[in-house]
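Report on the following structure.
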Amino acid sequence: MFNLLAHPLCLSAPRLPGASAVSTEHLPLLMLLVDLLRPRTLVEVGTREGVSYCALCQAVDELKLEASCHALGAWESEESPELVTLRAHHDPLYGRFSRLWTGASGEAGPQLAEGSVDLLLLRGAASIEAARREFEAWRHRLSRSAVVLLEGTQVRADRPGTRELWGELATRFPRFELDQGQGLGVLAVGESVPEGLETLLETRGTEATVLKSLLIELGSRLSVARKPQAGHALGRTPEAELRQARADIQRLGEALDLKTAELARKEALVAQLRGSLETISTSMGWRLVNRYWALRESILPPDTLRGHLYQKGKRLLKSAVGRSPGNGAAPEAPAASSQSPEAAPTVDRQAQYARWVELNTPTPADLERMRLEVAGLDYQPLISIVTPVYDVDEVWLRKAIDSVLRQVYPKWQLCLVDDGSKKPHIPPLLREYAEKDPRIKTIRQKNGGISAASNAGLQLAEGEFVALLDHDDELAPEALYQVVRRLNAESDLDLLYSDEDKLDLEGRRETPFFKPDWSPDLLLSMNYICHLTVVRKRLLDEVGGFRSLLDGSQDHDLLLRLTERTQRIAHLPRVLYHWRNLPQSTSVSVAAKPYTIDAARKALEEALERRGREGFVVVDPRGFYAVRYKLRAQPRISIIIPTKDKVELLKQCIDSIRTKSSYPHYELLVVDNNSSEPATFRYLAELSPPHRVLTDKQPFNWAAINNAAAAQATGEYLLFLNNDVQVLTADWLEAMLEHAQRPEVGAVGARLLFPDNTVQHAGVVMGIGGVAGHAFKLHKEGQPSYIHQADVIRNYSAVTGACMMVRRGVFEELGGFDEQLRVAFNDVDLCLRMRERGYLIVYTPYARLYHFESATRGTLHPPEDDMLMRERWARVLRGGDPYYNPHLTLKREDFSLRL
């Protein structure tokens with residue numbers, strides 16, 4: 001069934017222009033379609049009030065799509081009252097990527113290249129002839145996976161043309177119609193149906209009726225919320241009514257999903273039981289059991305003293321040997337079996353990426369559209385590209401320079417610095433290009449190394465910004481265009497970086513790195529920013545450019561110094577830079593240039609010194625680093641362990657803490673939540689000071705249990721720990737405390753493993769599984785992870801409460817865990833609230849524990865916790881996890897691609 005709740009954008013309240021009486025029933029579907037299609041070019045024809053068009057633009061804006069939007073209106077002039085009202089609303093919000101056109105549609109037609117339009121909305125036409133003409137006029141501009149929307153498919157009176165056109169086209173193309181109100185038809189008219197749209201178009205019967213009812217109900221509530229009502233004077237504002245409507249629909253959709261799944265399970269169970277019953281009823285065993293029951297009834301009749309004594313004895317025996325459901329392991333999202341899980345299926349990453357490249361590489365039409373859009377950008381800074389050159393093969397140097405010449409954005413300067421090359425082809429080649437294009441500047445100097453050559457390039461640079469390009473790599477044609485487009489949206493940015501991939505010797509693209517947004521701890525673990533990097537020239541001058549003593553890690557050193565001066569940093573989630581995979585290149589392996597390791601260590605050590613932090617740098621031979629901070633003090637850590645029976649797990653957990661922990665200053669607070677087994681009570685009685693047993697008899701509520709225990713803890717730091725874990729590394733507490741002591745850090749999480757040595761937790765990613773899921777779950781310990789991301793200290797949006805350390809002051813500042821989230825996601829919610837306050841969440845792989853997940857409480861995951869998270873954090877889920885990447889899948893935990 002189509003899951004409307006997986007697309008929280010359609011639950012958002014549209015920011016509508018000032019029209020007083022408009023139809024809004026179709027707006028949630030419009031916003032949903034933008035979420036499903038992610039269009040690059042969007043056009044509405046026949047715009048008047050702009051309600052539909054602004055909803056489309058809002059969806060583009062909230063999803064942060066790199067899209068071009070056009071409204072072709074029926075306004076007679078710029079002074080038209082409808083257009084004036086619309087502009088006052090539209091231009092401040094969407095003017096950077098959207099344009100309103102007056103007059104006939106032909107005025108904007110030449111601006112849009114053939115095959116470039118992904119989403120086209122045609123509004124009601126007066127006649128079938130007019131509707132056909134409009135549709136055919138746009139056919140050649142539609143992309144291979146284009147979707148056409150017809151607004152007015154249920155209008156019969158004054159403008160029936162769209163309704164009649166829908167009748168013709170609905171038999172030719174895959175379709176979906178919102179057939180209430182004015183009607184909105186969806187047609188997949190391209191050669192291929194966009195992946196995200198397939199499920200919607202396949203919706204039929206009762207499922208389609210329910211989905212349409214949900215969309216219409218939500219849209220109708222939007223309309224109601226815009227009209228003054230008497231009830232508002234009693235405290236129910238339009239915004240409150242809208243929030244309530246969204247909550248009602250969310251709960252209804254969730255309940256429907258649960259009922260559908262429950263019905264399917266029960267039907268399958270009924271069929272299975274019928275078969276089993278038939279087999280049993282004809283078996284010899286069944287006939288013997290029937291004879292036993294008949295004999296027992298004759299000997300021990302239920303209404304006699306003998307019968308009562310028999311039943312009482314049976315109950316006592318069952319109570320003595322039975323096992324009641326046990327304790328609350330920390331919530332997980334999504335929950336997993338306590339058994340050793342099956343290995344994750346292998347993903348062919350190169351095949352995935354080849355498909356991704358096919359789907360996401362800009363077409364010639366896309367590039368032409370970008371060139372046309374450049375003219376409309378208000379801010380067009382000069383970007384100087386600095387490229388040191390030394391003894392590179394001619395073929396690679398030409399490809400690097402040609403990639404700059406192919407840039408869509410024309411306002412660049414290329415600064416080529418020959419660092420005393422010995423190969424004779426280089427000086428004449430540089431002169432050739434300098435003579436060909438006046439934007440190319442060249443100088444030759446005595447060989448001084450890459451930093452000296454780069455600094456010479458900076459002296460040539462005249463631009464407001466500087467981009468860095470190695471002499472054998474390539475820029476994507478749209479690279480500078482995307483940079484400048486972002487600068488038009490955020491003109492105060494100082495540093496921008498993009499995703500990247502590699503080129504083999506035949507030019508095939510491979511090994512992409514889809515990066516997170518600004519992640520300060522990840523930069524200390526590796527130079528993840530790397531390429532493409534664009535920096536404000538003034539800031540480069542302030543930090544003194546590159547340092548020759550750190551050649552080999554000069555870029556990493558520069559970025560460390562730059563990010564100490566500015567936090568105005570933006571990540572462009574696009575592959576705009578292609579490394580060349582040459583044997584002598586660090587794009588292949590750091591082993592190609594071993595001196596880079598020593599340079600990186602020195603750069604990191606000096607960064608610690610500048611920042612006033614004591615610590616040391618550990619080098620991993622795989623090419624990354626670990627900054628280990630010195631503990632400033634020896635504070636007490638209160639380790640809080642909720643439990644219920646399953647004493648063998650609790651004993652294993654506590655024994656591992658006592659025998660393996662090298663850090664001595666801790667107290668154990670074991671919280672007994674309704675245990676009933678005598679063995680549990682005997683074990684708890686053995687715990688002695690400073691360790692304590694707290695009794696909590698309230699019904700199971702993980703958040704409330706831990707909040708109550710935290711209030712009784714004496715430690716400066718709180719470590720929330722499941723009873724179903726086992727410590728593996730002696731310095732696990734130090735590894736977590738070294739980060740928790742940092743004032744900018746809110747919570748620290750550990751690396752948790754299943755008993756079969758696959759990863760259970762290496763950080764939490766928002767959106768996986770609907771709300772949140774564990775990074776690298778089921779990844780085999782010891783195997784390479786995606787760009788080493790499971791193996792380095794880095795930032796995430798959240799970490800699991802199964803092993804989470806928090807500074808007491810931060811925990812109290814936020815009021816602890818939210819007790820509305822009884823079982824699931826209370827840990828994630830706490831971390832997200834920390835992020836709102838500006839705190840970092842840190843994952844460290846150097847604290848390692850086994851986690852026998854949910855072994856004592858089971859796989860609890862109440863739907864009400866799920867729904868509350870979806871509603872509370874809809875903005876986060878809609879915008880995407882900043883420590884993940886929009887091109888990575890939300891269907892798996894392995895950082896494979898979203899296709």
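Convention: chains lettered A, B, ... in structure tokens order; per-chain residue numbering from 1; ligands numbered from 1 as shown.
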
Identify, with DSSP run on backbone atoms, the residues in stretch 549-767 of chain A assigned to alpha helix (DSSP H), and express the list as a ChimeraX atom specification. /A:554-562,595-610,647-660,678-686,702-712,732-740

Identify, on the basis of only C-alpha atoms, every residue whose closest approach to stretch 363-365 of chain A does not exceed 10 Å; exclude the query and any residue fewer than 4 positions from it along the same chain; express the result as a PDB file with N, CA and C atoms, in the first residue's frame.
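To be explicit, this is the file written out as result.pdb:
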```pdb
ATOM      1  N   LEU A 112      13.326  27.381 -22.353  1.00  0.00           N
ATOM      2  CA  LEU A 112      13.333  26.005 -21.877  1.00  0.00           C
ATOM      3  C   LEU A 112      13.717  25.076 -23.022  1.00  0.00           C
ATOM      4  N   ALA A 113      14.789  24.343 -22.833  1.00  0.00           N
ATOM      5  CA  ALA A 113      15.324  23.505 -23.901  1.00  0.00           C
ATOM      6  C   ALA A 113      14.443  22.285 -24.129  1.00  0.00           C
ATOM      7  N   GLU A 114      14.584  21.699 -25.294  1.00  0.00           N
ATOM      8  CA  GLU A 114      13.850  20.492 -25.632  1.00  0.00           C
ATOM      9  C   GLU A 114      14.252  19.361 -24.683  1.00  0.00           C
ATOM     10  N   GLY A 115      13.246  18.631 -24.196  1.00  0.00           N
ATOM     11  CA  GLY A 115      13.507  17.503 -23.310  1.00  0.00           C
ATOM     12  C   GLY A 115      13.910  17.884 -21.900  1.00  0.00           C
ATOM     13  N   SER A 116      13.586  19.109 -21.475  1.00  0.00           N
ATOM     14  CA  SER A 116      14.088  19.574 -20.169  1.00  0.00           C
ATOM     15  C   SER A 116      13.036  19.608 -19.071  1.00  0.00           C
ATOM     16  N   VAL A 117      11.748  19.589 -19.380  1.00  0.00           N
ATOM     17  CA  VAL A 117      10.695  19.793 -18.386  1.00  0.00           C
ATOM     18  C   VAL A 117      10.302  18.451 -17.765  1.00  0.00           C
ATOM     19  N   ARG A 141       9.154  19.580 -25.224  1.00  0.00           N
ATOM     20  CA  ARG A 141       9.977  20.077 -24.117  1.00  0.00           C
ATOM     21  C   ARG A 141       9.974  19.134 -22.906  1.00  0.00           C
ATOM     22  N   SER A 143      10.697  15.895 -20.599  1.00  0.00           N
ATOM     23  CA  SER A 143      11.832  14.987 -20.456  1.00  0.00           C
ATOM     24  C   SER A 143      11.387  13.535 -20.632  1.00  0.00           C
ATOM     25  N   GLU A 358      24.018   7.389 -14.843  1.00  0.00           N
ATOM     26  CA  GLU A 358      23.102   7.463 -15.987  1.00  0.00           C
ATOM     27  C   GLU A 358      21.888   8.321 -15.681  1.00  0.00           C
ATOM     28  N   LEU A 359      21.393   8.218 -14.445  1.00  0.00           N
ATOM     29  CA  LEU A 359      20.176   8.944 -14.080  1.00  0.00           C
ATOM     30  C   LEU A 359      20.439  10.391 -13.694  1.00  0.00           C
ATOM     31  N   ARG A 369      20.052  24.826 -20.213  1.00  0.00           N
ATOM     32  CA  ARG A 369      19.161  25.539 -19.297  1.00  0.00           C
ATOM     33  C   ARG A 369      19.961  26.288 -18.237  1.00  0.00           C
ATOM     34  N   MET A 370      21.007  25.652 -17.725  1.00  0.00           N
ATOM     35  CA  MET A 370      21.839  26.307 -16.709  1.00  0.00           C
ATOM     36  C   MET A 370      22.502  27.558 -17.280  1.00  0.00           C
ATOM     37  N   ARG A 371      22.995  27.458 -18.515  1.00  0.00           N
ATOM     38  CA  ARG A 371      23.624  28.643 -19.133  1.00  0.00           C
ATOM     39  C   ARG A 371      22.635  29.801 -19.232  1.00  0.00           C
TER      40      ARG A 371
END
```

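Each of A:Pro886, A:Glu394, A:Val806, A:Tyr629 was compared to A:Leu63 using only C-alpha atoms, and A:Pro886 turns out to be the nearest.
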
Compile the contact shell of stretch 178-193 of chain A as a short mmCIF file (atom, residue, chain, number, x, y, z; two decimals) with all heavy atoms, in the first residue's frame: residues with an atom at most 8 Å away, counting only C-alpha atoms, same-chain residues fewer than 6 positions apart removed.
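Result went into out12.cif, see below:
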```
data_model
loop_
_atom_site.label_atom_id
_atom_site.label_comp_id
_atom_site.auth_asym_id
_atom_site.auth_seq_id
_atom_site.Cartn_x
_atom_site.Cartn_y
_atom_site.Cartn_z
N SER A 23 -9.53 26.96 -3.77
CA SER A 23 -9.63 25.54 -3.52
C SER A 23 -8.25 25.00 -3.14
O SER A 23 -7.26 25.28 -3.82
CB SER A 23 -10.14 24.82 -4.78
OG SER A 23 -10.11 23.44 -4.60
N GLU A 25 -7.96 21.55 -1.92
CA GLU A 25 -8.02 20.10 -1.74
C GLU A 25 -6.86 19.39 -2.43
O GLU A 25 -6.42 18.32 -1.99
CB GLU A 25 -9.35 19.56 -2.29
CG GLU A 25 -10.57 19.91 -1.47
CD GLU A 25 -11.19 21.23 -1.92
OE1 GLU A 25 -10.55 21.95 -2.71
OE2 GLU A 25 -12.32 21.53 -1.48
N HIS A 26 -6.36 19.93 -3.51
CA HIS A 26 -5.34 19.25 -4.30
C HIS A 26 -3.91 19.57 -3.88
O HIS A 26 -2.97 18.96 -4.38
CB HIS A 26 -5.52 19.63 -5.77
CG HIS A 26 -5.39 21.10 -6.02
ND1 HIS A 26 -6.23 22.04 -5.46
CD2 HIS A 26 -4.49 21.81 -6.75
CE1 HIS A 26 -5.87 23.24 -5.84
NE2 HIS A 26 -4.82 23.15 -6.61
N LEU A 142 9.15 18.10 -22.95
CA LEU A 142 9.04 17.18 -21.83
C LEU A 142 10.21 16.22 -21.81
O LEU A 142 10.66 15.73 -22.84
CB LEU A 142 7.72 16.41 -21.89
CG LEU A 142 6.45 17.27 -21.83
CD1 LEU A 142 5.22 16.39 -21.96
CD2 LEU A 142 6.39 18.07 -20.54
N SER A 143 10.70 15.90 -20.60
CA SER A 143 11.83 14.99 -20.46
C SER A 143 11.39 13.54 -20.63
O SER A 143 10.19 13.23 -20.73
CB SER A 143 12.48 15.17 -19.08
OG SER A 143 11.60 14.71 -18.06
N ARG A 144 12.35 12.63 -20.61
CA ARG A 144 12.07 11.21 -20.83
C ARG A 144 11.22 10.60 -19.72
O ARG A 144 10.56 9.59 -19.93
CB ARG A 144 13.38 10.42 -20.95
CG ARG A 144 14.19 10.76 -22.17
CD ARG A 144 15.50 10.00 -22.17
NE ARG A 144 15.28 8.57 -22.09
CZ ARG A 144 16.24 7.68 -21.86
NH1 ARG A 144 17.48 8.10 -21.65
NH2 ARG A 144 15.97 6.38 -21.81
N SER A 145 11.24 11.20 -18.54
CA SER A 145 10.44 10.68 -17.43
C SER A 145 9.44 11.73 -16.95
O SER A 145 9.10 11.79 -15.77
CB SER A 145 11.35 10.24 -16.27
OG SER A 145 12.16 11.33 -15.85
N ALA A 146 8.95 12.56 -17.87
CA ALA A 146 8.09 13.69 -17.50
C ALA A 146 6.73 13.23 -16.98
O ALA A 146 6.20 12.19 -17.37
CB ALA A 146 7.91 14.61 -18.70
N VAL A 147 6.17 14.09 -16.12
CA VAL A 147 4.81 13.90 -15.60
C VAL A 147 4.02 15.17 -15.91
O VAL A 147 4.51 16.28 -15.70
CB VAL A 147 4.83 13.63 -14.09
CG1 VAL A 147 3.42 13.67 -13.50
CG2 VAL A 147 5.48 12.28 -13.80
N VAL A 148 2.81 14.97 -16.43
CA VAL A 148 1.92 16.09 -16.74
C VAL A 148 0.74 16.05 -15.78
O VAL A 148 0.13 15.00 -15.55
CB VAL A 148 1.42 16.02 -18.20
CG1 VAL A 148 0.34 17.08 -18.45
CG2 VAL A 148 2.57 16.22 -19.16
N LEU A 149 0.43 17.20 -15.19
CA LEU A 149 -0.71 17.33 -14.30
C LEU A 149 -1.79 18.16 -15.00
O LEU A 149 -1.48 19.21 -15.59
CB LEU A 149 -0.31 18.04 -13.00
CG LEU A 149 0.91 17.47 -12.26
CD1 LEU A 149 1.18 18.29 -11.01
CD2 LEU A 149 0.72 16.02 -11.92
N LEU A 150 -3.00 17.70 -14.95
CA LEU A 150 -4.13 18.43 -15.52
C LEU A 150 -5.04 18.86 -14.38
O LEU A 150 -5.63 18.01 -13.69
CB LEU A 150 -4.91 17.55 -16.51
CG LEU A 150 -4.13 17.02 -17.72
CD1 LEU A 150 -5.04 16.18 -18.61
CD2 LEU A 150 -3.52 18.17 -18.51
N GLU A 151 -5.14 20.15 -14.15
CA GLU A 151 -5.98 20.68 -13.09
C GLU A 151 -7.32 21.07 -13.67
O GLU A 151 -7.41 21.87 -14.61
CB GLU A 151 -5.32 21.89 -12.44
CG GLU A 151 -6.05 22.41 -11.22
CD GLU A 151 -5.32 23.58 -10.57
OE1 GLU A 151 -4.20 23.36 -10.08
OE2 GLU A 151 -5.88 24.70 -10.59
N GLY A 152 -8.40 20.48 -13.13
CA GLY A 152 -9.73 20.76 -13.63
C GLY A 152 -10.36 19.56 -14.33
O GLY A 152 -11.22 19.73 -15.19
N THR A 153 -9.96 18.35 -13.95
CA THR A 153 -10.48 17.16 -14.62
C THR A 153 -11.94 16.87 -14.27
O THR A 153 -12.57 16.02 -14.90
CB THR A 153 -9.64 15.93 -14.26
OG1 THR A 153 -9.63 15.76 -12.83
CG2 THR A 153 -8.22 16.08 -14.76
N GLN A 154 -12.49 17.57 -13.25
CA GLN A 154 -13.89 17.37 -12.88
C GLN A 154 -14.75 18.60 -13.18
O GLN A 154 -15.92 18.65 -12.79
CB GLN A 154 -13.98 17.04 -11.39
CG GLN A 154 -13.37 15.70 -11.01
CD GLN A 154 -14.07 14.53 -11.67
OE1 GLN A 154 -15.31 14.43 -11.61
NE2 GLN A 154 -13.32 13.65 -12.31
N VAL A 155 -14.18 19.60 -13.88
CA VAL A 155 -14.93 20.81 -14.21
C VAL A 155 -15.76 20.55 -15.47
O VAL A 155 -15.21 20.18 -16.52
CB VAL A 155 -13.98 22.00 -14.43
CG1 VAL A 155 -14.77 23.21 -14.93
CG2 VAL A 155 -13.26 22.33 -13.14
N TRP A 166 -8.41 14.95 -20.39
CA TRP A 166 -8.11 13.87 -19.45
C TRP A 166 -8.75 12.56 -19.94
O TRP A 166 -8.12 11.50 -19.89
CB TRP A 166 -8.63 14.22 -18.06
CG TRP A 166 -8.56 13.07 -17.09
CD1 TRP A 166 -9.61 12.30 -16.66
CD2 TRP A 166 -7.40 12.57 -16.43
NE1 TRP A 166 -9.18 11.34 -15.78
CE2 TRP A 166 -7.82 11.48 -15.62
CE3 TRP A 166 -6.07 12.92 -16.43
CZ2 TRP A 166 -6.94 10.75 -14.83
CZ3 TRP A 166 -5.19 12.20 -15.65
CH2 TRP A 166 -5.61 11.12 -14.86
N LEU A 169 -6.43 11.21 -22.69
CA LEU A 169 -5.06 10.82 -22.33
C LEU A 169 -5.02 9.72 -21.28
O LEU A 169 -4.04 8.96 -21.21
CB LEU A 169 -4.30 12.05 -21.82
CG LEU A 169 -4.14 13.20 -22.80
CD1 LEU A 169 -3.33 14.34 -22.15
CD2 LEU A 169 -3.44 12.74 -24.07
N ALA A 170 -6.05 9.64 -20.43
CA ALA A 170 -6.04 8.65 -19.35
C ALA A 170 -6.02 7.23 -19.86
O ALA A 170 -5.66 6.29 -19.14
CB ALA A 170 -7.24 8.87 -18.43
N LYS A 212 -7.11 8.71 -1.54
CA LYS A 212 -7.73 9.95 -2.02
C LYS A 212 -8.48 10.65 -0.88
O LYS A 212 -8.44 11.88 -0.76
CB LYS A 212 -8.69 9.65 -3.17
CG LYS A 212 -8.00 9.18 -4.44
CD LYS A 212 -9.02 8.81 -5.51
CE LYS A 212 -8.35 8.23 -6.74
NZ LYS A 212 -9.33 7.86 -7.78
N ILE A 216 -7.76 14.42 0.28
CA ILE A 216 -8.85 15.41 0.24
C ILE A 216 -9.14 15.96 1.63
O ILE A 216 -9.34 17.17 1.81
CB ILE A 216 -10.11 14.77 -0.37
CG1 ILE A 216 -9.92 14.54 -1.88
CG2 ILE A 216 -11.33 15.65 -0.13
CD1 ILE A 216 -9.81 15.81 -2.69
#
```

Kindly indicate which residue among A:Leu728, A:Leu778, A:Val764, A:Cys10 lies nearest to A:Arg848, using only C-alpha atoms for the distances.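 Looking only at the distances to A:Arg848, the closest residue turns out to be A:Leu728.
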
Residues at most 9 Å from A:Ala59, counting only C-alpha atoms, excluding those fewer than 2 positions away in the same chain, as a PyMOL selection string? chain A and resi 9-10+14+30-32+34-35+54-57+61-65

In Å, how far is it from atom CA of A:Asn3 to atom CA of A:Gly880? 17.9 Å

Neighbour list for A:Tyr666 as an NGL selection string, cut-off 9 Å, only C-alpha atoms, skip fewer than 2 positions in-chain: :A and (635-639 or 663-664 or 668 or 690-691 or 715)

Could the residues in this selection be saved with N, CA, C and O atoms as a CSV table (one decimal), in the first residue's frame?
```
chain,number,residue,atom,x,y,z
A,635,PRO,N,36.2,12.5,36.6
A,635,PRO,CA,34.9,12.6,37.2
A,635,PRO,C,34.2,11.3,37.4
A,635,PRO,O,34.5,10.3,36.7
A,636,ARG,N,33.2,11.2,38.3
A,636,ARG,CA,32.4,10.0,38.5
A,636,ARG,C,31.4,9.9,37.3
A,636,ARG,O,30.8,10.9,36.9
A,637,ILE,N,31.3,8.7,36.8
A,637,ILE,CA,30.3,8.3,35.8
A,637,ILE,C,29.2,7.5,36.4
A,637,ILE,O,29.6,6.4,37.0
A,638,SER,N,28.0,7.9,36.3
A,638,SER,CA,26.9,7.0,36.8
A,638,SER,C,26.4,6.2,35.7
A,638,SER,O,25.8,6.7,34.7
A,639,ILE,N,26.5,4.9,35.8
A,639,ILE,CA,26.1,3.9,34.7
A,639,ILE,C,24.7,3.4,35.1
A,639,ILE,O,24.6,2.7,36.2
A,663,TYR,N,38.8,2.4,33.6
A,663,TYR,CA,38.4,3.6,34.3
A,663,TYR,C,37.7,3.3,35.6
A,663,TYR,O,36.7,2.6,35.6
A,664,PRO,N,38.3,3.7,36.8
A,664,PRO,CA,37.7,3.2,38.0
A,664,PRO,C,36.6,4.0,38.6
A,664,PRO,O,35.9,3.6,39.5
A,668,LEU,N,27.4,2.1,39.6
A,668,LEU,CA,26.4,1.3,38.9
A,668,LEU,C,25.0,1.6,39.6
A,668,LEU,O,24.9,1.4,40.8
A,690,PRO,N,30.0,1.4,46.0
A,690,PRO,CA,29.1,2.6,45.6
A,690,PRO,C,28.0,2.2,44.6
A,690,PRO,O,27.3,3.1,44.2
A,691,HIS,N,27.8,0.9,44.3
A,691,HIS,CA,26.8,0.5,43.4
A,691,HIS,C,25.5,0.4,44.2
A,691,HIS,O,25.4,-0.1,45.3
A,715,GLY,N,26.8,11.0,39.7
A,715,GLY,CA,27.9,11.3,38.8
A,715,GLY,C,27.7,12.6,38.0
A,715,GLY,O,26.6,13.0,37.8
```

Tell me, as an MDAnalysis selection string, which residues lie within 7 Å of A:Pro642, counting only C-alpha atoms; anything in the same chain fewer than 6 positions away does not count. chainID A and resid 328 670:673 722:723

Near-A:Lys697 list (7 Å; only C-alpha atoms; drop same-chain fewer than 2 positions) as a list in words: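 Here the answer would be Asn673, Asn674, Thr695 and Pro699 of chain A.
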
Identify which of the residues A:His471, A:Arg794, A:Arg406, A:Arg574 lies closest to A:Leu523, counting only C-alpha atoms when measuring atom-to-atom distances. A:Arg794

Point-to-point distance in Å for atom CA of A:Ile768 and atom CA of A:Asn795: 16.8 Å

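Between atom CA of A:Leu475 and atom CA of A:Leu559 the interatomic distance comes to 19.9 Å.
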